[in-house]
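The file my_file.txt contains compact mmCIF, C-alpha atoms:
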# COMPACT_ATOMS: atom_id res chain seq x y z
CA MET A 27 -13.01 -59.26 -55.85
CA LYS A 28 -9.45 -60.26 -54.94
CA SER A 29 -8.50 -60.60 -58.60
CA PHE A 30 -9.86 -57.12 -59.32
CA ILE A 31 -7.85 -55.57 -56.47
CA PHE A 32 -4.73 -57.49 -57.41
CA ALA A 33 -5.03 -56.28 -61.03
CA SER A 34 -5.51 -52.69 -59.88
CA ILE A 35 -2.36 -52.84 -57.78
CA ALA A 36 -0.41 -54.28 -60.66
CA ILE A 37 -1.54 -51.44 -62.96
CA LEU A 38 -0.66 -48.81 -60.36
CA SER A 39 2.77 -50.33 -59.85
CA LEU A 40 3.47 -50.19 -63.59
CA PHE A 41 2.58 -46.52 -63.84
CA GLY A 42 4.31 -45.60 -60.61
CA LYS A 43 7.55 -47.47 -61.20
CA ASN A 44 10.63 -45.43 -61.93
CA THR A 45 12.50 -47.49 -64.51
CA SER A 46 15.73 -45.76 -63.71
CA ASN A 47 15.58 -47.30 -60.24
CA ALA A 48 13.96 -50.61 -61.24
CA VAL A 49 14.87 -53.65 -59.20
CA PRO A 50 16.83 -56.23 -61.24
CA VAL A 51 14.71 -59.06 -62.61
CA ASP A 52 16.45 -61.74 -60.60
CA VAL A 53 15.85 -59.77 -57.44
CA GLU A 54 12.19 -59.34 -58.32
CA LYS A 55 11.98 -63.04 -59.08
CA ARG A 56 13.40 -63.87 -55.69
CA GLN A 57 10.94 -61.51 -54.08
CA TRP A 58 8.01 -63.15 -55.86
CA ASP A 59 9.40 -66.61 -55.18
CA ASN A 60 9.66 -65.76 -51.51
CA TRP A 61 6.19 -64.29 -51.42
CA GLY A 62 4.84 -67.63 -50.40
CA ASN A 63 7.18 -67.76 -47.45
CA ASN A 64 6.00 -64.65 -45.74
CA GLY A 65 4.51 -62.46 -48.41
CA TRP A 66 1.31 -64.43 -48.94
CA ASN A 67 1.02 -65.03 -45.25
CA GLN A 68 1.22 -61.32 -44.75
CA TRP A 69 -1.54 -60.93 -47.28
CA ASN A 70 -3.87 -63.50 -45.79
CA ASN A 71 -2.84 -64.58 -42.32
CA ASN A 72 -0.47 -61.98 -40.97
CA ASN A 73 -3.21 -59.47 -41.07
CA GLN A 74 -1.43 -57.30 -43.53
CA TRP A 75 -4.35 -57.37 -45.92
CA ASN A 76 -7.39 -58.85 -44.25
CA ASN A 77 -7.05 -59.42 -40.56
CA ASN A 78 -4.26 -57.16 -39.37
CA ASN A 79 -6.26 -54.23 -40.45
CA GLN A 80 -3.60 -53.07 -42.82
CA TRP A 81 -6.08 -52.96 -45.65
CA ASN A 82 -9.56 -53.30 -44.24
CA ASN A 83 -9.78 -53.24 -40.49
CA ASN A 84 -6.60 -51.61 -39.28
CA ASN A 85 -7.67 -48.53 -41.05
CA GLN A 86 -4.62 -48.49 -43.25
CA TRP A 87 -6.77 -48.38 -46.33
CA ASN A 88 -10.34 -47.62 -45.35
CA ASN A 89 -10.80 -46.79 -41.70
CA ASN A 90 -7.43 -45.62 -40.42
CA ASN A 91 -7.60 -42.81 -42.80
CA GLN A 92 -4.46 -43.90 -44.59
CA TRP A 93 -6.39 -43.82 -47.82
CA ASN A 94 -9.58 -41.91 -47.21
CA ASN A 95 -9.98 -40.25 -43.83
CA ASN A 96 -6.59 -39.95 -42.24
CA ASN A 97 -5.70 -37.55 -44.89
CA GLN A 98 -2.90 -39.74 -46.14
CA TRP A 99 -4.63 -40.02 -49.49
CA ASN A 100 -7.37 -37.41 -49.70
CA ASN A 101 -7.56 -35.01 -46.80
CA ASN A 102 -4.15 -34.97 -45.21
CA ASN A 103 -2.85 -33.54 -48.34
CA GLN A 104 -0.63 -36.52 -48.90
CA TRP A 105 -2.33 -37.13 -52.23
CA ASP A 106 -4.38 -34.09 -53.13
CA ASN A 107 -4.05 -31.08 -50.89
CA ASN A 108 -0.72 -31.38 -49.14
CA ASN A 109 0.97 -31.21 -52.43
CA GLN A 110 2.64 -34.53 -51.82
CA TRP A 111 1.19 -35.92 -55.03
CA ASN A 112 0.19 -32.99 -57.18
CA GLN A 113 2.36 -29.93 -56.70
CA PRO A 114 4.55 -30.08 -53.62
CA VAL A 115 5.08 -26.68 -52.15
CA GLN A 116 7.92 -26.14 -49.72
CA GLN A 117 6.81 -23.79 -47.02
CA ALA A 118 9.35 -21.96 -44.93
CA PRO A 119 9.24 -23.05 -41.29
CA VAL A 120 7.41 -20.65 -39.04
CA GLN A 121 9.88 -18.86 -36.82
CA GLN A 122 8.71 -17.49 -33.54
CA ALA A 123 9.75 -14.00 -32.68
CA PRO A 124 12.34 -13.92 -29.89
CA ALA A 125 10.98 -13.11 -26.47
CA THR A 126 11.17 -9.45 -25.60
CA PRO A 127 13.79 -9.00 -22.87
CA ALA A 128 12.66 -7.50 -19.63
CA ALA A 129 13.11 -3.76 -19.55
CA PRO A 130 16.10 -2.71 -17.45
CA GLN A 131 15.32 -1.00 -14.18
CA GLY A 132 16.60 2.49 -14.55
CA GLY A 133 20.19 3.10 -15.52
CA GLN A 134 21.65 4.99 -18.45
CA GLY A 135 19.44 6.47 -21.13
CA GLY A 136 17.08 8.29 -18.79
CA GLY A 137 15.88 5.22 -16.90
CA LEU A 138 15.68 7.03 -13.56
CA LYS A 139 12.34 7.06 -11.78
CA PHE A 140 11.02 8.94 -8.77
CA TYR A 141 9.71 6.94 -5.81
CA SER A 142 7.86 8.14 -2.73
CA GLN A 143 6.85 4.84 -1.10
CA CYS A 144 7.85 1.20 -0.87
CA VAL A 145 6.42 -1.11 -3.49
CA ASN A 146 5.06 -3.59 -0.93
CA PRO A 147 2.45 -2.78 1.70
CA ASN A 148 3.45 -2.79 5.38
CA GLU A 149 7.11 -2.16 4.55
CA TRP A 150 8.78 0.94 5.91
CA ALA A 151 12.08 2.48 4.90
CA MET A 152 13.46 4.94 7.44
CA THR A 153 15.75 7.51 5.81
CA PHE A 154 18.12 10.19 7.09
CA ASP A 155 19.42 13.16 5.11
CA ASP A 156 22.36 15.55 5.39
CA GLY A 157 24.89 13.31 7.12
CA PRO A 158 27.49 12.70 8.24
CA THR A 159 27.01 14.97 11.22
CA GLN A 160 28.10 15.20 14.83
CA PHE A 161 24.98 13.19 15.80
CA ALA A 162 25.48 10.39 13.29
CA ASP A 163 27.24 8.02 15.67
CA ALA A 164 24.50 8.42 18.29
CA ILE A 165 21.82 7.55 15.70
CA LEU A 166 23.83 4.55 14.52
CA ASP A 167 24.11 3.38 18.10
CA LEU A 168 20.34 3.67 18.54
CA LEU A 169 19.62 1.76 15.33
CA LYS A 170 21.95 -1.01 16.41
CA GLU A 171 20.26 -1.17 19.81
CA LYS A 172 16.82 -1.50 18.17
CA ASN A 173 18.06 -3.86 15.46
CA MET A 174 16.98 -1.40 12.77
CA LYS A 175 18.41 -0.85 9.30
CA ALA A 176 18.01 2.51 7.60
CA THR A 177 19.04 4.40 4.49
CA PHE A 178 21.33 7.42 4.68
CA PHE A 179 21.43 10.04 1.93
CA VAL A 180 24.74 11.73 2.55
CA VAL A 181 26.16 15.03 1.35
CA GLY A 182 29.76 16.02 0.74
CA ASN A 183 29.89 19.51 2.09
CA LEU A 184 27.29 20.55 4.62
CA TYR A 185 27.72 19.80 8.32
CA MET A 186 30.86 17.80 7.62
CA ASN A 187 33.17 17.92 4.60
CA THR A 188 34.65 14.95 2.77
CA ALA A 189 38.09 16.28 3.65
CA ASP A 190 37.34 15.48 7.29
CA SER A 191 38.50 11.98 8.16
CA ASN A 192 35.35 11.50 10.22
CA TRP A 193 33.27 11.84 7.07
CA ALA A 194 34.68 8.67 5.53
CA ARG A 195 34.72 6.90 8.90
CA ILE A 196 31.01 7.50 9.50
CA VAL A 197 29.99 6.60 5.94
CA LYS A 198 32.00 3.41 6.20
CA ARG A 199 30.34 2.61 9.53
CA MET A 200 26.90 3.13 7.99
CA TYR A 201 27.69 0.68 5.24
CA ASN A 202 29.46 -1.88 7.43
CA GLU A 203 26.52 -2.02 9.85
CA GLY A 204 24.11 -2.97 7.07
CA HIS A 205 22.58 0.37 6.21
CA VAL A 206 22.27 1.67 2.64
CA VAL A 207 24.25 4.73 1.60
CA GLY A 208 22.77 6.98 -1.09
CA SER A 209 23.61 10.35 -2.59
CA HIS A 210 22.12 13.68 -1.54
CA THR A 211 24.49 15.67 -3.84
CA PHE A 212 27.77 17.25 -2.83
CA ASN A 213 26.65 20.77 -1.90
CA HIS A 214 22.92 20.26 -1.30
CA LYS A 215 21.83 22.47 -4.20
CA ASP A 216 18.42 22.43 -5.84
CA LEU A 217 19.07 20.47 -9.02
CA THR A 218 16.30 22.22 -10.94
CA THR A 219 18.39 25.41 -10.84
CA LEU A 220 21.50 23.76 -12.32
CA SER A 221 22.67 22.91 -15.83
CA ALA A 222 23.35 19.33 -16.86
CA ASP A 223 27.09 19.81 -16.35
CA GLN A 224 26.54 21.31 -12.91
CA ILE A 225 24.31 18.40 -11.91
CA LYS A 226 26.99 15.97 -13.06
CA SER A 227 29.59 17.80 -11.00
CA GLU A 228 27.36 17.67 -7.89
CA MET A 229 26.85 13.95 -8.31
CA THR A 230 30.29 12.76 -9.38
CA GLN A 231 32.16 14.64 -6.65
CA LEU A 232 30.13 12.82 -4.04
CA GLU A 233 30.29 9.50 -5.89
CA ASP A 234 34.06 9.61 -5.75
CA ALA A 235 34.06 10.23 -2.02
CA ILE A 236 31.53 7.46 -1.31
CA SER A 237 33.43 5.07 -3.54
CA GLN A 238 36.63 5.78 -1.70
CA ALA A 239 34.89 5.07 1.61
CA ILE A 240 32.95 1.89 0.81
CA GLY A 241 34.17 0.77 -2.61
CA LYS A 242 30.76 1.18 -4.22
CA LYS A 243 28.94 3.81 -6.20
CA PRO A 244 25.33 4.53 -5.16
CA ALA A 245 22.45 3.94 -7.57
CA PHE A 246 19.97 5.75 -5.30
CA MET A 247 19.81 9.48 -4.68
CA ARG A 248 17.56 11.97 -2.96
CA PRO A 249 17.30 15.36 -4.65
CA PRO A 250 17.64 18.27 -2.22
CA TYR A 251 14.22 19.64 -1.32
CA GLY A 252 12.68 16.69 -3.14
CA SER A 253 12.65 18.66 -6.38
CA GLY A 254 13.15 17.51 -9.95
CA ASN A 255 10.33 15.06 -10.58
CA GLY A 256 9.22 15.65 -14.17
CA ASN A 257 12.16 17.96 -14.90
CA GLN A 258 13.69 16.50 -18.06
CA ASN A 259 17.12 18.02 -17.49
CA VAL A 260 17.35 16.61 -13.97
CA MET A 261 15.97 13.18 -14.76
CA SER A 262 17.86 12.57 -17.99
CA THR A 263 21.15 13.78 -16.48
CA LEU A 264 20.80 11.58 -13.41
CA GLY A 265 19.78 8.66 -15.61
CA SER A 266 22.81 9.15 -17.84
CA LEU A 267 24.99 8.85 -14.73
CA GLY A 268 23.46 5.47 -13.96
CA TYR A 269 21.08 6.41 -11.16
CA THR A 270 17.97 4.25 -11.04
CA ALA A 271 15.90 5.91 -8.33
CA ALA A 272 15.30 9.44 -7.06
CA ILE A 273 13.64 8.95 -3.71
CA THR A 274 11.32 11.31 -1.90
CA TRP A 275 8.94 10.34 0.94
CA ASN A 276 5.34 9.98 2.07
CA LEU A 277 5.96 10.37 5.82
CA ASP A 278 7.59 13.64 6.85
CA SER A 279 8.71 13.97 10.44
CA GLY A 280 8.87 17.76 10.05
CA ASP A 281 12.18 17.87 11.93
CA TRP A 282 13.69 20.17 9.31
CA ASP A 283 10.93 22.69 10.10
CA ASN A 284 11.47 22.35 13.87
CA LYS A 285 8.15 20.60 14.36
CA ASP A 286 7.90 19.07 17.80
CA ILE A 287 7.83 15.38 18.50
CA ASN A 288 4.04 15.32 18.83
CA TYR A 289 3.71 16.44 15.23
CA ALA A 290 5.85 13.52 14.06
CA LYS A 291 3.91 11.08 16.22
CA GLN A 292 0.67 12.21 14.62
CA VAL A 293 2.11 11.84 11.12
CA PHE A 294 3.50 8.38 11.73
CA SER A 295 0.36 7.23 13.51
CA GLY A 296 -1.53 8.01 10.30
CA ALA A 297 0.32 5.31 8.38
CA ASN A 298 -2.34 2.76 7.44
CA GLY A 299 -0.46 -0.11 5.81
CA GLN A 300 0.73 1.44 2.59
CA GLY A 301 4.41 1.10 1.73
CA SER A 302 6.14 3.98 3.49
CA ILE A 303 9.31 6.04 3.20
CA SER A 304 9.93 8.42 6.09
CA LEU A 305 12.05 11.57 6.13
CA ASN A 306 14.41 12.46 8.98
CA HIS A 307 17.61 14.45 9.20
CA LEU A 308 20.85 13.80 11.06
CA GLN A 309 21.02 17.47 12.02
CA TYR A 310 18.88 20.58 11.64
CA ASN A 311 18.57 24.01 13.15
CA GLY A 312 18.09 23.78 16.90
CA SER A 313 18.62 20.02 17.02
CA THR A 314 20.39 18.25 19.86
CA LYS A 315 21.49 14.70 20.27
CA GLU A 316 18.75 14.15 22.84
CA SER A 317 15.99 15.59 20.65
CA ILE A 318 16.99 13.55 17.62
CA ILE A 319 17.26 10.33 19.65
CA ALA A 320 13.84 10.92 21.23
CA LEU A 321 12.22 11.63 17.85
CA VAL A 322 13.69 8.60 16.08
CA SER A 323 12.87 6.30 19.01
CA ALA A 324 9.24 7.41 18.98
CA GLU A 325 8.92 6.87 15.23
CA ILE A 326 10.36 3.36 15.45
CA ASP A 327 8.05 2.39 18.29
CA ILE A 328 4.96 3.66 16.45
CA MET A 329 5.73 1.94 13.15
CA LEU A 330 6.57 -1.38 14.78
CA SER A 331 3.37 -1.23 16.83
CA LYS A 332 1.42 -0.81 13.59
CA GLY A 333 2.90 -3.99 12.19
CA TYR A 334 5.36 -2.43 9.74
CA THR A 335 8.51 -4.28 8.68
CA PRO A 336 11.58 -2.01 8.60
CA VAL A 337 13.56 -2.38 5.36
CA THR A 338 16.46 -0.71 3.62
CA MET A 339 15.80 1.11 0.37
CA ASP A 340 16.90 -1.71 -1.92
CA LYS A 341 14.29 -4.00 -0.37
CA CYS A 342 11.75 -1.17 -0.31
CA LEU A 343 12.02 -0.61 -4.08
CA GLY A 344 13.20 -4.01 -5.27
CA LEU A 345 16.28 -2.44 -6.89
CA ASN A 346 20.02 -2.71 -6.42
CA ALA A 347 21.33 0.01 -4.12
CA TYR A 348 24.69 0.22 -5.85
CA HIS A 349 26.09 0.11 -9.33
CA GLN A 350 27.76 -3.07 -10.45
CA TYR A 351 30.98 -1.17 -10.14
CA VAL A 352 34.37 -2.18 -8.85
CA ASN A 353 36.83 0.21 -7.29
CA LEU A 354 40.03 -1.22 -8.75
CA GLU A 355 42.22 1.05 -6.69
CA MET A 356 40.74 -0.27 -3.44
CA ILE A 357 41.04 -3.87 -4.66
CA ASN A 358 44.69 -3.34 -5.57
CA GLN A 359 45.35 -1.72 -2.19
CA LYS A 360 43.70 -4.64 -0.39
CA ARG A 361 45.55 -7.16 -2.54
CA ASN A 362 48.89 -5.50 -1.86
CA SER A 363 48.04 -5.34 1.83
CA ASP A 364 47.14 -9.03 1.85
CA ILE A 365 50.32 -9.92 0.00
CA ASP A 366 52.40 -7.91 2.48
CA SER A 367 50.61 -9.65 5.35
CA ILE A 368 51.21 -13.09 3.83
CA ASN A 369 54.85 -12.31 3.17
CA ASN A 370 55.31 -10.99 6.71
CA ASN A 371 53.67 -14.09 8.18
CA ASN A 372 55.85 -16.34 6.04
CA PHE A 373 58.92 -14.41 7.15
CA GLN A 374 57.94 -14.85 10.81
CA GLU A 375 57.34 -18.58 10.24
CA ILE A 376 60.80 -18.89 8.67
CA ILE A 377 62.37 -17.21 11.71
CA ILE A 378 60.47 -19.52 14.07
CA ASP A 379 61.48 -22.58 12.06
CA LYS A 380 65.13 -21.51 12.17
CA LYS A 381 64.91 -21.04 15.93
CA LYS A 382 63.43 -24.51 16.27
CA SER A 383 66.22 -25.96 14.22
Show how you would write the structure in this file as structure tokens.
Amino acid sequence: MKSFIFASIAILSLFGKNTSNAVPVDVEKRQWDNWGNNGWNQWNNNNQWNNNNQWNNNNQWNNNNQWNNNNQWNNNNQWDNNNQWNQPVQQAPVQQAPATPAAPQGGQGGGLKFYSQCVNPNEWAMTFDDGPTQFADAILDLLKEKNMKATFFVVGNLYMNTADSNWARIVKRMYNEGHVVGSHTFNHKDLTTLSADQIKSEMTQLEDAISQAIGKKPAFMRPPYGSGNGNQNVMSTLGSLGYTAAITWNLDSGDWDNKDINYAKQVFSGANGQGSISLNHLQYNGSTKESIIALVSAEIDIMLSKGYTPVTMDKCLGLNAYHQYVNLEMINQKRNSDIDSINNNNFQEIIIDKKKS
């Protein structure tokens, strides 16, 4: 049996040998001469042929599927099907399609969406429209006292004009005390009655004033009267300006309609755990500082008693409240101010050092 196998291997080696790469005779002779050193031992004793399962037991020939089952010879297409022996076919590597990037949240290209409630249950965003007003500081004082953060949708020309120094002061205070500042248009006009250019004018005039006050441009806005949802002109124009959210409400205090405090208490008491956005105003017909303070205090007490967590609008919606926008003019002003301060301090230190000397 050994002689038959040996002869078969010899025949295969003759047919398979590439004469162009043949090993020189003297090298082959040395290889055969050295076969007895380790070659024959590998055949008999080193388990290359019999015991080491290279031929019989190690499944290199019979059981390990090198010849029959492991598809090295028959099934693995090394000999027949894989085109290793018959007709090799080079297949192009399979390329996976790149992962689809996450869709941007709003922004240019009409990405604006309307929202009327917070995305998470038991979160409540308290909002105030139409500021700054003469009552704004009193409301800010109350919010600070109750450790509340709110969102203010300001206008440019209603109860107070941007030309008034108090306008910028109050807006800056809102922002500095941790509240979110959004746009409510410059002149409080119904956007559905305006052309695209008129909408842009309403928005950009106010953007400029807010940017001058806080160094940021708002990404949130509240359309006057809550109108515009589904209006292609309004939504596409606001989206082209970079606004991501037009925000309405699902809890209306009714202050704008001179509803009494009991009406608001009933509305807020009806909140049952859904994400909520409430509507209040910093001034309205017949309002006083005392009436506004009493109304807001009652709303806060009710919502906290119901287990709501007060949040600003960015947390409410899971969106950035402001554009990734830098007011270079303000940065340059601050830089120049810092440089002047440093130079002045250095000058004073020089004078002191000279006095010491």
Which one is closest to Trp193 in chain A: A:Ile303, A:Leu321, A:Cys144, A:Val181? Count all atoms listed in the file.
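Smallest distance to Trp193 in chain A is found for A:Val181.
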Inset, instruction - May I ask for the distance between CA of Gln231 in chain A and CA of Gln309 in chain A, given in Å to one decimal place? - result: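 That distance, rounded to one decimal, is 21.9 Å.
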Pick from A:Phe294, A:Phe178, A:Tyr348, A:Tyr334 nearest to Ala271 in chain A, counting all atoms listed in the file: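 Closest to Ala271 in chain A of all the choices is A:Tyr348.
The space between CA of Thr335 in chain A and CA of Ala151 in chain A spans 8.5 Å.
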Exercise for review: With a distance cut-off of 8 Å and all atoms listed in the file, select the neighbouring residues of Arg248 in chain A, excluding the residue or stretch itself and same-chain residues fewer than 2 positions from it, and output the selection as a list in words.
Suggested key: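 Neighbouring residues, sequence-local ones excluded: Phe179, Gly208, Ser209, His210, Thr211, Phe246, Pro250, Gly252, Ala272, Ile273 and Thr274 of chain A.
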- Query: Any idea what's packed within 10 Å of Leu169 in chain A, counting only C-alpha atoms, ignoring anything in its chain fewer than 2 positions away? Could you give it as a ChimeraX atom specification?
  - Reply: /A:163-167,171-176,203,205,319,322-323,326
Please produce a file of those selected residues containing C-alpha atoms, as an mmCIF file, in the frame of the given file.
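Written output follows (selection10.cif):
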data_model
loop_
_atom_site.group_PDB
_atom_site.id
_atom_site.type_symbol
_atom_site.label_atom_id
_atom_site.label_comp_id
_atom_site.auth_asym_id
_atom_site.auth_seq_id
_atom_site.Cartn_x
_atom_site.Cartn_y
_atom_site.Cartn_z
ATOM 1 C CA ASP A 163 27.240 8.020 15.670
ATOM 2 C CA ALA A 164 24.500 8.420 18.290
ATOM 3 C CA ILE A 165 21.820 7.550 15.700
ATOM 4 C CA LEU A 166 23.830 4.550 14.520
ATOM 5 C CA ASP A 167 24.110 3.380 18.100
ATOM 6 C CA GLU A 171 20.260 -1.170 19.810
ATOM 7 C CA LYS A 172 16.820 -1.500 18.170
ATOM 8 C CA ASN A 173 18.060 -3.860 15.460
ATOM 9 C CA MET A 174 16.980 -1.400 12.770
ATOM 10 C CA LYS A 175 18.410 -0.850 9.300
ATOM 11 C CA ALA A 176 18.010 2.510 7.600
ATOM 12 C CA GLU A 203 26.520 -2.020 9.850
ATOM 13 C CA HIS A 205 22.580 0.370 6.210
ATOM 14 C CA ILE A 319 17.260 10.330 19.650
ATOM 15 C CA VAL A 322 13.690 8.600 16.080
ATOM 16 C CA SER A 323 12.870 6.300 19.010
ATOM 17 C CA ILE A 326 10.360 3.360 15.450
#
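Using only C-alpha atoms for every distance, the candidate list A:Leu184, A:Ile225, A:Ala347, A:Ala235 yields A:Leu184 as the residue closest to Gln160 in chain A.
One distance worth recording is that between CA of Tyr269 in chain A and CA of Gly157 in chain A, which is 19.9 Å.
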